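Peer 1: Following this line is run_33.txt, made up of compact mmCIF, C-alpha atoms:
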# COMPACT_ATOMS: atom_id res chain seq x y z
CA MET V 1 3.90 -9.17 29.37
CA ILE V 2 3.42 -7.91 25.85
CA GLU V 3 5.78 -5.11 24.92
CA THR V 4 3.18 -2.72 23.58
CA ASN V 5 5.73 -0.35 22.07
CA VAL V 6 7.04 -3.10 19.76
CA ILE V 7 3.76 -3.66 17.91
CA PRO V 8 3.08 -0.06 16.86
CA ALA V 9 6.67 0.28 15.64
CA PHE V 10 6.21 -2.72 13.35
CA VAL V 11 2.69 -1.77 12.25
CA ASN V 12 3.72 1.85 11.63
CA ARG V 13 6.87 0.98 9.69
CA GLY V 14 5.15 1.94 6.44
CA SER V 15 5.30 -1.36 4.57
CA PHE V 16 6.13 -1.07 0.88
CA ILE V 17 4.85 -4.57 0.07
CA GLU V 18 1.39 -3.73 1.42
CA LEU V 19 1.01 -0.81 -1.00
CA ASN V 20 -0.55 -1.45 -4.39
CA GLY V 21 1.41 -0.95 -7.59
CA ARG V 22 0.32 2.67 -8.05
CA GLU V 23 1.05 3.67 -4.45
CA ARG V 24 4.49 2.01 -4.63
CA ALA V 25 5.46 4.07 -7.65
CA GLN V 26 4.07 7.30 -6.16
CA ALA V 27 5.98 6.75 -2.91
CA LEU V 28 9.35 7.02 -4.68
CA PHE V 29 8.90 10.57 -5.99
CA ASP V 30 9.45 13.98 -4.45
CA LYS V 31 6.18 15.22 -3.06
CA GLY V 32 3.97 16.95 -5.61
CA SER V 33 6.46 16.42 -8.46
CA TRP V 34 4.80 13.51 -10.24
CA ARG V 35 2.01 12.79 -12.65
CA GLU V 36 0.71 9.54 -14.11
CA LEU V 37 1.03 8.81 -17.83
CA VAL V 38 -1.59 6.69 -19.64
CA GLY V 39 -3.61 6.21 -16.48
CA PRO V 40 -6.73 4.09 -15.93
CA PHE V 41 -9.08 6.74 -17.39
CA ASP V 42 -7.27 6.50 -20.73
CA ARG V 43 -8.52 2.91 -20.82
CA VAL V 44 -5.58 1.52 -22.71
CA GLN V 45 -6.29 -2.05 -21.69
CA SER V 46 -5.74 -5.54 -23.00
CA PRO V 47 -8.04 -6.44 -25.90
CA TRP V 48 -7.05 -10.11 -25.52
CA LEU V 49 -8.17 -10.90 -21.97
CA PRO V 50 -11.95 -10.36 -22.47
CA MET V 51 -11.84 -12.66 -25.54
CA GLN V 52 -10.66 -15.38 -23.17
CA GLY V 53 -13.18 -14.65 -20.44
CA VAL V 54 -10.79 -12.76 -18.17
CA ALA V 55 -11.77 -9.36 -16.74
CA PRO V 56 -9.27 -6.71 -17.90
CA GLN V 57 -7.86 -3.84 -15.83
CA ALA V 58 -8.14 -0.24 -17.08
CA ASP V 59 -4.35 0.31 -16.81
CA ASP V 60 -3.46 -3.29 -17.79
CA GLY V 61 -1.62 -3.67 -14.49
CA CYS V 62 1.18 -1.32 -15.53
CA ILE V 63 1.48 2.09 -13.90
CA VAL V 64 3.77 4.76 -15.39
CA ILE V 65 4.66 7.77 -13.26
CA LYS V 66 6.91 10.64 -14.31
CA GLY V 67 8.38 13.15 -11.91
CA GLU V 68 11.47 13.93 -9.87
CA ILE V 69 13.41 11.75 -7.45
CA GLY V 70 15.80 13.72 -5.26
CA GLY V 71 15.34 16.66 -7.61
CA LYS V 72 16.33 14.67 -10.70
CA PRO V 73 14.00 13.69 -13.55
CA ALA V 74 12.86 10.08 -13.35
CA VAL V 75 10.16 7.73 -14.53
CA ALA V 76 8.83 4.75 -12.56
CA ILE V 77 7.12 1.80 -14.19
CA SER V 78 5.30 -0.38 -11.72
CA LEU V 79 3.69 -3.77 -12.29
CA GLU V 80 0.60 -4.52 -10.19
CA SER V 81 1.27 -7.98 -8.77
CA ALA V 82 -2.37 -8.56 -7.78
CA PHE V 83 -3.59 -8.30 -11.38
CA GLN V 84 -2.79 -11.50 -13.33
CA GLY V 85 0.36 -12.03 -11.26
CA GLY V 86 1.94 -8.83 -12.58
CA SER V 87 2.25 -10.52 -15.95
CA ILE V 88 3.46 -8.72 -19.07
CA GLY V 89 1.03 -8.52 -21.95
CA GLU V 90 0.97 -6.53 -25.16
CA VAL V 91 -0.31 -3.32 -23.58
CA SER V 92 1.61 -3.38 -20.30
CA GLY V 93 4.80 -4.23 -22.21
CA ALA V 94 4.23 -1.41 -24.69
CA LYS V 95 3.66 1.05 -21.84
CA MET V 96 6.89 -0.07 -20.20
CA SER V 97 9.09 0.12 -23.30
CA ALA V 98 7.52 3.40 -24.47
CA ALA V 99 8.20 4.99 -21.07
CA LEU V 100 11.82 3.77 -21.19
CA ASP V 101 12.22 5.06 -24.77
CA LEU V 102 10.89 8.51 -23.79
CA ALA V 103 13.36 8.58 -20.90
CA ALA V 104 16.16 7.65 -23.32
CA ARG V 105 15.08 10.37 -25.75
CA ASP V 106 15.09 13.00 -22.99
CA SER V 107 18.44 11.69 -21.71
CA ALA V 108 20.00 11.83 -25.18
CA ALA V 109 18.78 15.42 -25.47
CA GLY V 110 20.65 16.31 -22.29
CA LYS V 111 17.88 15.89 -19.68
CA LEU V 112 19.14 12.75 -17.94
CA THR V 113 16.09 10.73 -16.87
CA ALA V 114 16.55 7.67 -14.68
CA ALA V 115 14.05 4.81 -14.75
CA VAL V 116 12.80 2.73 -11.85
CA LEU V 117 11.26 -0.66 -12.65
CA LEU V 118 9.05 -2.07 -9.90
CA LEU V 119 9.00 -5.67 -11.03
CA GLU V 120 6.49 -7.86 -9.20
CA THR V 121 5.86 -10.32 -11.97
CA GLY V 122 5.73 -13.94 -13.02
CA GLY V 123 6.84 -12.91 -16.52
CA VAL V 124 4.92 -13.18 -19.78
CA ARG V 125 1.11 -13.26 -19.56
CA LEU V 126 0.16 -16.69 -20.86
CA GLN V 127 -3.09 -15.42 -22.45
CA GLU V 128 -1.02 -13.13 -24.69
CA ALA V 129 1.97 -15.45 -25.04
CA ASN V 130 3.67 -14.35 -28.27
CA LEU V 131 2.87 -10.67 -27.83
CA GLY V 132 4.15 -10.88 -24.26
CA LEU V 133 7.41 -12.46 -25.44
CA ALA V 134 7.81 -9.71 -28.03
CA ALA V 135 7.14 -7.15 -25.30
CA VAL V 136 9.92 -8.62 -23.14
CA ALA V 137 12.36 -8.28 -26.04
CA GLU V 138 11.30 -4.66 -26.55
CA VAL V 139 11.62 -3.85 -22.85
CA ILE V 140 15.13 -5.33 -22.71
CA SER V 141 16.28 -3.39 -25.77
CA SER V 142 14.75 -0.21 -24.30
CA VAL V 143 16.59 -0.80 -21.00
CA LEU V 144 19.87 -1.34 -22.89
CA HIS V 145 19.30 1.89 -24.81
CA LEU V 146 18.48 3.99 -21.76
CA ARG V 147 21.29 2.65 -19.57
CA GLN V 148 23.88 4.22 -21.84
CA TYR V 149 22.75 7.57 -20.44
CA ALA V 150 20.96 7.13 -17.13
CA PRO V 151 20.61 4.37 -14.54
CA VAL V 152 17.79 1.84 -14.67
CA ILE V 153 16.98 0.74 -11.13
CA THR V 154 14.98 -2.43 -10.53
CA VAL V 155 13.13 -2.85 -7.24
CA ILE V 156 11.77 -6.27 -6.27
CA ALA V 157 9.87 -6.07 -3.01
CA GLY V 158 6.99 -8.52 -2.70
CA THR V 159 6.70 -12.27 -2.54
CA VAL V 160 5.41 -12.65 -6.10
CA GLY V 161 9.05 -12.15 -7.03
CA CYS V 162 10.48 -11.41 -10.43
CA PHE V 163 10.60 -14.38 -12.80
CA GLY V 164 10.55 -15.32 -16.45
CA GLY V 165 11.24 -12.74 -19.12
CA MET V 166 11.14 -9.86 -16.70
CA SER V 167 14.03 -11.35 -14.71
CA LEU V 168 16.10 -10.68 -17.83
CA ALA V 169 15.05 -7.02 -17.74
CA ALA V 170 16.14 -7.00 -14.08
CA GLY V 171 19.42 -8.63 -15.08
CA VAL V 172 20.33 -5.91 -17.58
CA SER V 173 19.33 -3.04 -15.30
CA SER V 174 22.00 -0.90 -13.60
CA TYR V 175 21.06 -1.70 -10.01
CA ILE V 176 18.75 -4.18 -8.29
CA VAL V 177 17.20 -3.43 -4.90
CA MET V 178 15.56 -6.35 -3.07
CA THR V 179 13.89 -7.08 0.24
CA ARG V 180 14.47 -10.31 2.14
CA GLU V 181 10.98 -11.46 1.10
CA ALA V 182 11.56 -10.87 -2.62
CA ARG V 183 12.75 -13.52 -5.06
CA LEU V 184 14.55 -13.27 -8.37
CA GLY V 185 15.11 -16.06 -10.88
CA LEU V 186 14.65 -17.00 -14.52
CA ASN V 187 12.51 -20.07 -13.86
CA GLY V 188 10.18 -20.08 -10.89
CA PRO V 189 10.33 -22.98 -8.41
CA GLU V 190 7.18 -24.67 -9.74
CA VAL V 191 8.42 -24.49 -13.32
CA ILE V 192 11.71 -26.13 -12.36
CA GLU V 193 9.90 -28.86 -10.43
CA GLN V 194 7.51 -29.47 -13.31
CA GLU V 195 10.29 -29.68 -15.90
CA SER V 196 13.01 -31.50 -13.97
CA GLY V 197 11.21 -33.37 -11.21
CA ILE V 198 10.82 -32.96 -7.47
CA GLU V 199 14.31 -34.43 -6.87
CA GLU V 200 15.74 -31.42 -8.70
CA PHE V 201 13.71 -28.77 -6.92
CA ASP V 202 10.94 -29.15 -4.35
CA SER V 203 8.71 -26.12 -4.88
CA SER V 204 6.96 -26.67 -1.53
CA ASP V 205 10.26 -26.29 0.35
CA ARG V 206 10.15 -22.60 1.17
CA ALA V 207 13.50 -22.55 2.97
CA LEU V 208 15.15 -24.02 -0.13
CA ILE V 209 13.45 -21.51 -2.43
CA TRP V 210 14.54 -18.49 -0.42
CA ALA V 211 18.05 -19.94 -0.02
CA ILE V 212 18.33 -19.88 -3.81
CA HIS V 213 16.01 -17.16 -5.15
CA GLY V 214 15.67 -14.96 -2.07
CA GLY V 215 16.77 -11.34 -1.82
CA GLU V 216 19.43 -11.97 0.81
CA GLN V 217 21.06 -14.72 -1.24
CA ARG V 218 20.94 -12.67 -4.45
CA VAL V 219 22.57 -9.67 -2.80
CA CYS V 220 25.20 -11.76 -0.99
CA MET V 221 26.08 -13.50 -4.28
CA GLY V 222 26.55 -10.10 -5.91
CA LEU V 223 23.65 -10.63 -8.32
CA ALA V 224 21.67 -7.80 -6.72
CA ASP V 225 22.99 -4.58 -5.20
CA ALA V 226 21.09 -3.67 -2.07
CA LEU V 227 19.14 -5.57 0.56
CA VAL V 228 16.48 -3.40 2.19
CA GLU V 229 13.84 -3.82 4.86
CA ASP V 230 10.19 -3.71 3.82
CA ARG V 231 9.91 -0.02 4.72
CA THR V 232 8.71 2.57 2.23
CA ASP V 233 11.13 5.24 3.44
CA GLU V 234 14.12 2.87 3.29
CA ILE V 235 13.29 1.67 -0.24
CA ALA V 236 12.63 5.23 -1.46
CA ALA V 237 15.95 6.34 0.05
CA GLY V 238 17.75 3.46 -1.66
CA VAL V 239 16.27 4.38 -5.04
CA ARG V 240 17.10 8.06 -4.47
CA GLY V 241 20.68 7.08 -3.71
CA TYR V 242 21.08 5.22 -7.01
CA VAL V 243 19.38 8.00 -9.01
CA ALA V 244 21.87 10.46 -7.47
CA LYS V 245 24.81 8.10 -8.05
CA GLY V 246 24.13 7.74 -11.76
CA LEU V 247 25.61 4.96 -13.86
CA PRO V 248 27.68 2.15 -12.31
CA ASP V 249 31.36 1.79 -13.31
CA GLU V 250 30.45 -1.26 -15.32
CA HIS V 251 27.04 -2.87 -15.73
CA ARG V 252 26.84 -6.35 -14.24
CA SER V 253 25.60 -7.82 -17.51
CA LYS V 254 28.76 -6.52 -19.25
CA GLN V 255 31.05 -8.46 -16.92
CA VAL V 256 30.86 -11.46 -19.21
CA ALA V 257 34.38 -12.81 -18.61
CA LEU V 258 33.96 -12.64 -14.83
CA TYR V 259 30.74 -14.63 -14.83
CA ARG V 260 31.87 -17.06 -17.53
CA ASP V 261 34.94 -17.89 -15.43
CA ARG V 262 32.84 -18.27 -12.32
CA ILE V 263 30.41 -20.67 -13.99
CA ALA V 264 33.31 -22.65 -15.47
CA ALA V 265 34.88 -22.94 -12.03
CA LEU V 266 31.74 -24.42 -10.43
CA ASP V 267 31.95 -28.07 -9.46
CA ALA V 268 28.60 -29.51 -10.49
CA SER V 269 29.48 -33.06 -9.41
CA ALA V 270 28.34 -32.28 -5.87
CA GLN V 271 25.27 -30.34 -4.72
CA ILE V 272 26.17 -26.66 -4.66
CA ASP V 273 25.58 -25.09 -1.28
CA PRO V 274 23.99 -21.60 -1.31
CA LEU V 275 26.15 -20.36 1.59
CA GLN V 276 29.32 -21.60 -0.06
CA LEU V 277 28.31 -19.82 -3.25
CA ARG V 278 27.97 -16.56 -1.33
CA GLN V 279 31.57 -16.94 -0.12
CA GLN V 280 32.86 -17.77 -3.60
CA TRP V 281 30.93 -15.12 -5.52
CA GLY V 282 30.41 -12.36 -3.02
CA SER V 283 33.76 -10.80 -3.88
CA GLU V 284 34.43 -7.09 -4.30
CA LYS V 285 34.59 -7.57 -8.06
CA SER V 286 30.90 -8.43 -8.23
CA LYS V 287 30.08 -4.94 -6.92
CA GLY V 288 27.39 -6.23 -4.59
CA GLU V 289 26.66 -4.34 -1.41
CA THR V 290 26.39 -6.93 1.33
CA ARG V 291 25.64 -6.34 4.95
CA MET P 1 -17.08 -13.46 -18.10
CA GLU P 2 -20.26 -11.43 -18.10
CA HIS P 3 -21.10 -7.85 -18.99
CA ILE P 4 -23.85 -6.11 -17.01
CA GLU P 5 -25.31 -2.61 -17.35
CA PHE P 6 -27.66 -0.58 -15.16
CA GLU P 7 -29.14 2.91 -15.36
CA TYR P 8 -30.10 5.15 -12.45
CA PRO P 9 -31.92 8.13 -14.02
CA ASN P 10 -32.74 9.74 -10.66
CA ALA P 11 -29.07 10.37 -9.78
CA GLN P 12 -28.90 13.98 -10.97
CA ARG P 13 -26.32 15.78 -8.77
CA ARG P 14 -23.52 17.15 -10.92
CA ILE P 15 -20.11 15.57 -10.35
CA THR P 16 -16.90 17.13 -11.68
CA ASN P 17 -14.18 14.86 -10.30
CA ARG P 18 -12.95 11.42 -11.25
CA ALA P 19 -11.96 8.58 -8.94
CA HIS P 20 -10.23 5.23 -9.41
CA VAL P 21 -9.85 2.67 -6.63
CA GLY P 22 -9.12 -1.03 -6.32
CA VAL P 23 -7.26 -3.68 -8.29
CA VAL P 24 -8.63 -6.53 -10.43
CA GLY P 25 -7.07 -9.10 -8.10
CA SER P 26 -8.64 -12.31 -6.85
CA GLY P 27 -11.72 -11.45 -4.74
CA ASP P 28 -11.33 -7.76 -5.52
CA MET P 29 -12.30 -5.27 -8.22
CA GLU P 30 -11.43 -1.86 -9.60
CA VAL P 31 -13.97 0.89 -10.08
CA LEU P 32 -13.77 4.09 -12.12
CA PHE P 33 -16.08 7.04 -11.41
CA GLU P 34 -16.36 9.79 -14.03
CA PRO P 35 -18.83 12.62 -14.63
CA SER P 36 -21.74 11.29 -16.66
CA GLU P 37 -22.09 12.59 -20.20
CA GLY P 38 -25.90 12.36 -20.16
CA ALA P 39 -28.48 12.68 -17.40
CA GLY P 40 -28.53 10.25 -14.48
CA ALA P 41 -25.96 7.57 -13.70
CA GLN P 42 -24.78 4.66 -15.83
CA VAL P 43 -23.16 1.53 -14.47
CA SER P 44 -21.11 -0.85 -16.60
CA ILE P 45 -19.74 -4.03 -15.04
CA THR P 46 -17.32 -6.58 -16.48
CA THR P 47 -17.09 -9.54 -14.13
CA SER P 48 -15.18 -12.79 -14.42
CA VAL P 49 -17.95 -14.61 -12.48
CA ASN P 50 -21.14 -15.40 -14.40
CA GLY P 51 -24.71 -15.53 -13.11
CA PHE P 52 -24.75 -12.87 -10.38
CA ARG P 53 -26.72 -10.14 -12.13
CA ASP P 54 -29.32 -10.04 -9.34
CA ALA P 55 -26.67 -9.65 -6.66
CA TRP P 56 -25.03 -6.76 -8.58
CA LYS P 57 -28.45 -5.14 -9.02
CA ALA P 58 -29.14 -5.39 -5.28
CA VAL P 59 -25.78 -3.84 -4.38
CA PHE P 60 -26.14 -0.93 -6.81
CA ASP P 61 -29.80 -0.33 -5.84
CA ARG P 62 -28.63 -0.03 -2.28
CA PHE P 63 -25.69 2.22 -3.24
CA PHE P 64 -27.92 4.59 -5.25
CA SER P 65 -30.45 4.73 -2.42
CA LYS P 66 -27.86 6.98 -0.70
CA PHE P 67 -25.68 8.30 -3.53
CA ASP P 68 -27.24 10.75 -6.03
CA GLY P 69 -24.26 11.75 -8.21
CA SER P 70 -24.65 11.81 -11.99
CA VAL P 71 -21.71 9.52 -12.76
CA ARG P 72 -20.53 6.95 -15.21
CA ILE P 73 -19.29 3.94 -13.24
CA GLN P 74 -17.17 1.19 -14.69
CA VAL P 75 -16.36 -1.91 -12.69
CA ASN P 76 -13.79 -4.56 -13.61
CA ASP P 77 -14.37 -7.43 -11.22
CA ALA P 78 -12.42 -10.56 -10.31
CA GLY P 79 -14.91 -12.10 -7.89
CA ALA P 80 -15.41 -9.44 -5.22
CA THR P 81 -18.12 -10.32 -2.68
CA PRO P 82 -21.13 -7.95 -2.37
CA GLY P 83 -19.65 -6.54 0.85
CA SER P 84 -16.33 -5.77 -0.83
CA VAL P 85 -18.15 -4.21 -3.79
CA LEU P 86 -20.04 -1.81 -1.53
CA LEU P 87 -16.84 -0.91 0.34
CA ARG P 88 -15.01 -0.17 -2.93
CA LEU P 89 -17.93 2.00 -4.10
CA GLU P 90 -17.91 3.93 -0.82
CA GLN P 91 -14.14 4.31 -1.07
CA ALA P 92 -14.55 5.75 -4.58
CA VAL P 93 -17.13 8.25 -3.31
CA GLU P 94 -14.64 9.27 -0.63
CA ALA P 95 -11.93 9.67 -3.29
CA LEU P 96 -14.34 11.81 -5.38
CA GLY P 97 -14.61 14.23 -2.49
CA GLN P 98 -10.85 14.74 -2.26
How would this structure read if it were set down as C-alpha cells?
Peer 2:
Amino acid sequence: MIETNVIPAFVNRGSFIELNGRERAQALFDKGSWRELVGPFDRVQSPWLPMQGVAPQADDGCIVIKGEIGGKPAVAISLESAFQGGSIGEVSGAKMSAALDLAARDSAAGKLTAAVLLLETGGVRLQEANLGLAAVAEVISSVLHLRQYAPVITVIAGTVGCFGGMSLAAGVSSYIVMTREARLGLNGPEVIEQESGIEEFDSSDRALIWAIHGGEQRVCMGLADALVEDRTDEIAAGVRGYVAKGLPDEHRSKQVALYRDRIAALDASAQIDPLQLRQQWGSEKSKGETR
Amino acid sequence: MEHIEFEYPNAQRRITNRAHVGVVGSGDMEVLFEPSEGAGAQVSITTSVNGFRDAWKAVFDRFFSKFDGSVRIQVNDAGATPGSVLLRLEQAVEALGQ
C-alpha cells in the first residue's frame, strides 16, 4: 500500500532548488522588507551575447535584492543557473561586485550589511572570457573588502554546483551553506577528465563526483560550514543564523598554516579515499559543522 | 539569432503595471510586459532559433485575439515551443493583474 501521507510531505517541503534565481533570493528576506536593484526592466544586459548569436537575458542572469534578514540589513546576489549555466559575464560580474561594494560602504559607515551569494554557476562565461575573468577578480576583492565588516554567506543549493572562478569567491566567503545535491570545486569533473584523462577522473561516475565535490563531503571535510536539506525554510533559517552570528572567529581562507600543513601531510603515493579525508580533516580546528 | 517585431494596433486598453516572467534557459524564454508608450501593442522578440517567424506570428495573433492591453512586450527566447510561449504570455498577463 502506498503511504499517501509521505508524498504530500515531500512535495510540500518547499524545495529551494526548484525555485528560480529571483525566487531563491526573495525567499531569504523578511517579508515585505526587500526590493530588487537593477532589475530586468532596467535592461542592463550583456552587449556581447547577441554579437555571438546568443539571446541575452534582461537581468544578465544576476539578481540583486536588498532588504532585511532577521531584522538586519542584507543584500543577496543570486545567479540564475538556467541562463548560460549561471556563468559570470561583464554585466553580471559588475552587478555582483557593485552590490558587495555598496554593502561594504554601508558597513564602514556603521550600518553593517551582510551579503548572501547564491552561487549556481559554472564560472566565467566563455563568450565574455577576459571580461568574465576580470569580473571574478573584482568580485573576490569586493568579498575580501566586505568581510572585514560583515559576513559574506555563500549558498550552493542546486546540481549545477559552484565551479571555476566563482568557487574562489565561495572559498573566501565567511560561511558556506550546501545541500547534499550541491557540488563545489575549482575544476568541474568534465574539465579534469578532459585535461588529465579518464583514468584521473571519470566524469560519468556520479558516485565518484559527489564523493569528492558533493555538499556532504565538503561539509564533513570542513571546507563548507553547514549541510542543509533542500527546503526553503531550512536554508533561509541557516542564512538567518549566520547573518545574526556575524563574522567568524577566523575566516577559513586565513588559516593558511593549517591548510598548508594538511596538504603537506597528505600521502599522494596511494589513492586518497574521500572518507579517510573526512576523518583526517574534519577536526574541530576546521570549524566545520558536521552532522 | 533572429530579431522579430510585430504590431497590434487594435490593442488599446490602458495598462499601468509591469510584469516579468520566465528565464532564458534551454527550451524556455523570458517575457517583459510594460505599458506601451504609443497606441496599440508592440512585440519585440530576440530568439536564438532562426526561421520561425511564422510560428511566432501565429502565437501572437492568437494571444492578441483574446488580450487587448496596450503593452510593449519584449521576449528573449532560448527555444521555447509555441505551447510554452503561450503559457508564458498567459502567466505574464496573470502577473500584470497582481
Peer 1: Residues of chain P near chain V: apply a cut-off of 9 Å, count only C-alpha atoms, and supply the list as a list in words.
Peer 2: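 Result: Met1, Glu2, Arg18, His20, Gly22, Val23, Val24, Gly25, Ser26, Met29, Glu30, Leu32, Glu34, Thr46, Thr47, Ser48, Asn76, Asp77 and Ala78 of chain P.
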Peer 1: If you measure from CA of Phe29 (chain V) to CA of Val116 (chain V), what distance in Å do you get, rounded to one decimal?
Peer 2: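 Separation of CA of Phe29 (chain V) and CA of Val116 (chain V): 10.5 Å.
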Peer 1: I'd like the interatomic distance between CA of Tyr242 (chain V) and CA of Ile153 (chain V), to a tenth of an Å.
Peer 2: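 Spanning CA of Tyr242 (chain V) to CA of Ile153 (chain V) is a straight-line distance of 7.3 Å.
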Peer 1: Please indicate the distance in Å from CA of Arg24 (chain V) to CA of Ala76 (chain V), rounded to one decimal place.
Peer 2: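 These atoms are spaced 9.4 Å apart.
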Peer 1: Taking all atoms listed in the file into account, which of P:Ser84, P:Thr16, P:Ser36, P:Ser44 comes nearest Ile4 (chain P)?
Peer 2: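 Closest to Ile4 (chain P), using all atoms listed in the file: P:Ser44.
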Peer 1: Got a sec: who's within 7 Å of Pro9 (chain P), counting all atoms listed in the file, leaving out chain neighbours fewer than 6 positions off, as a list in words?
Peer 2: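 Close residues of Pro9 (chain P): Ala39, Gly40 and Ala41 of chain P.
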Peer 1: Which residue gives the smallest distance to Val49 (chain P) among P:Ser70, P:Thr81, P:Ser65, P:Gln91, with only C-alpha atoms counted?
Peer 2: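 Closest residue, counting only C-alpha atoms: P:Thr81.
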Peer 1: Could you tell me which of V:Leu258, V:Val136, V:Cys220, V:Leu37 comes closest to Arg278 (chain V) if we count only C-alpha atoms?
Peer 2: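 The closest residue to Arg278 (chain V) is V:Cys220.
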Peer 1: Mind listing as a PDB file with C-alpha atoms, keeping the file's coordinate frame all residues within 6 Å of (10.6, 10.7, -8.4), counting only C-alpha atoms?
Peer 2:
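Dumped everything to out_21.pdb:
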ATOM      1  CA  LEU V  28       9.350   7.020  -4.680  1.00  0.00           C
ATOM      2  CA  PHE V  29       8.900  10.570  -5.990  1.00  0.00           C
ATOM      3  CA  ASP V  30       9.450  13.980  -4.450  1.00  0.00           C
ATOM      4  CA  GLY V  67       8.380  13.150 -11.910  1.00  0.00           C
ATOM      5  CA  GLU V  68      11.470  13.930  -9.870  1.00  0.00           C
ATOM      6  CA  ILE V  69      13.410  11.750  -7.450  1.00  0.00           C
ATOM      7  CA  ALA V  74      12.860  10.080 -13.350  1.00  0.00           C
TER       8      ALA V  74
END
Peer 1: Quick one: everything within 12 Å of Gly83 (chain P), counting only C-alpha atoms, minus sequence neighbours fewer than 4 positions away in the same chain. Send it as a count of residues only.
Peer 2: 15
Peer 1: Nearest to Phe67 (chain P): which of P:Val21, P:Ala80, P:Ala11, P:Leu96 is it, counting only C-alpha atoms?
Peer 2: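 When distances to Phe67 (chain P) are compared using only C-alpha atoms, the smallest one comes from P:Ala11.
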Peer 1: Write a file for region 46-60 of chain V of the given structure; include N, CA and C atoms and format it as a PDB file, in the first residue's frame.
Peer 2:
ATOM      1  N   SER V  46      23.885  41.878 -21.222  1.00  0.00           N
ATOM      2  CA  SER V  46      25.164  41.671 -21.898  1.00  0.00           C
ATOM      3  C   SER V  46      25.130  42.197 -23.332  1.00  0.00           C
ATOM      4  N   PRO V  47      26.071  43.083 -23.692  1.00  0.00           N
ATOM      5  CA  PRO V  47      26.132  43.506 -25.091  1.00  0.00           C
ATOM      6  C   PRO V  47      26.863  42.475 -25.958  1.00  0.00           C
ATOM      7  N   TRP V  48      27.528  41.525 -25.311  1.00  0.00           N
ATOM      8  CA  TRP V  48      28.415  40.602 -26.043  1.00  0.00           C
ATOM      9  C   TRP V  48      27.699  39.364 -26.557  1.00  0.00           C
ATOM     10  N   LEU V  49      26.661  38.917 -25.851  1.00  0.00           N
ATOM     11  CA  LEU V  49      25.984  37.683 -26.261  1.00  0.00           C
ATOM     12  C   LEU V  49      25.297  37.810 -27.621  1.00  0.00           C
ATOM     13  N   PRO V  50      24.504  38.893 -27.870  1.00  0.00           N
ATOM     14  CA  PRO V  50      23.839  38.987 -29.184  1.00  0.00           C
ATOM     15  C   PRO V  50      24.836  39.006 -30.353  1.00  0.00           C
ATOM     16  N   MET V  51      26.026  39.606 -30.135  1.00  0.00           N
ATOM     17  CA  MET V  51      27.038  39.630 -31.199  1.00  0.00           C
ATOM     18  C   MET V  51      27.468  38.218 -31.586  1.00  0.00           C
ATOM     19  N   GLN V  52      27.277  37.277 -30.644  1.00  0.00           N
ATOM     20  CA  GLN V  52      27.693  35.903 -30.908  1.00  0.00           C
ATOM     21  C   GLN V  52      26.497  34.985 -31.122  1.00  0.00           C
ATOM     22  N   GLY V  53      25.347  35.607 -31.397  1.00  0.00           N
ATOM     23  CA  GLY V  53      24.165  34.817 -31.735  1.00  0.00           C
ATOM     24  C   GLY V  53      23.506  34.138 -30.554  1.00  0.00           C
ATOM     25  N   VAL V  54      23.729  34.672 -29.354  1.00  0.00           N
ATOM     26  CA  VAL V  54      23.105  34.088 -28.161  1.00  0.00           C
ATOM     27  C   VAL V  54      22.099  35.096 -27.602  1.00  0.00           C
ATOM     28  N   ALA V  55      20.869  34.614 -27.323  1.00  0.00           N
ATOM     29  CA  ALA V  55      19.846  35.515 -26.776  1.00  0.00           C
ATOM     30  C   ALA V  55      20.263  35.955 -25.373  1.00  0.00           C
ATOM     31  N   PRO V  56      20.224  37.270 -25.103  1.00  0.00           N
ATOM     32  CA  PRO V  56      20.585  37.751 -23.767  1.00  0.00           C
ATOM     33  C   PRO V  56      19.416  37.631 -22.796  1.00  0.00           C
ATOM     34  N   GLN V  57      19.664  37.917 -21.532  1.00  0.00           N
ATOM     35  CA  GLN V  57      18.577  37.985 -20.549  1.00  0.00           C
ATOM     36  C   GLN V  57      18.586  39.391 -19.953  1.00  0.00           C
ATOM     37  N   ALA V  58      17.388  39.941 -19.695  1.00  0.00           N
ATOM     38  CA  ALA V  58      17.274  41.357 -19.324  1.00  0.00           C
ATOM     39  C   ALA V  58      18.001  41.690 -18.027  1.00  0.00           C
ATOM     40  N   ASP V  59      18.233  40.695 -17.140  1.00  0.00           N
ATOM     41  CA  ASP V  59      18.986  40.961 -15.908  1.00  0.00           C
ATOM     42  C   ASP V  59      20.372  40.313 -15.951  1.00  0.00           C
ATOM     43  N   ASP V  60      20.770  39.808 -17.107  1.00  0.00           N
ATOM     44  CA  ASP V  60      22.030  39.089 -17.319  1.00  0.00           C
ATOM     45  C   ASP V  60      22.220  37.914 -16.352  1.00  0.00           C
TER      46      ASP V  60
END
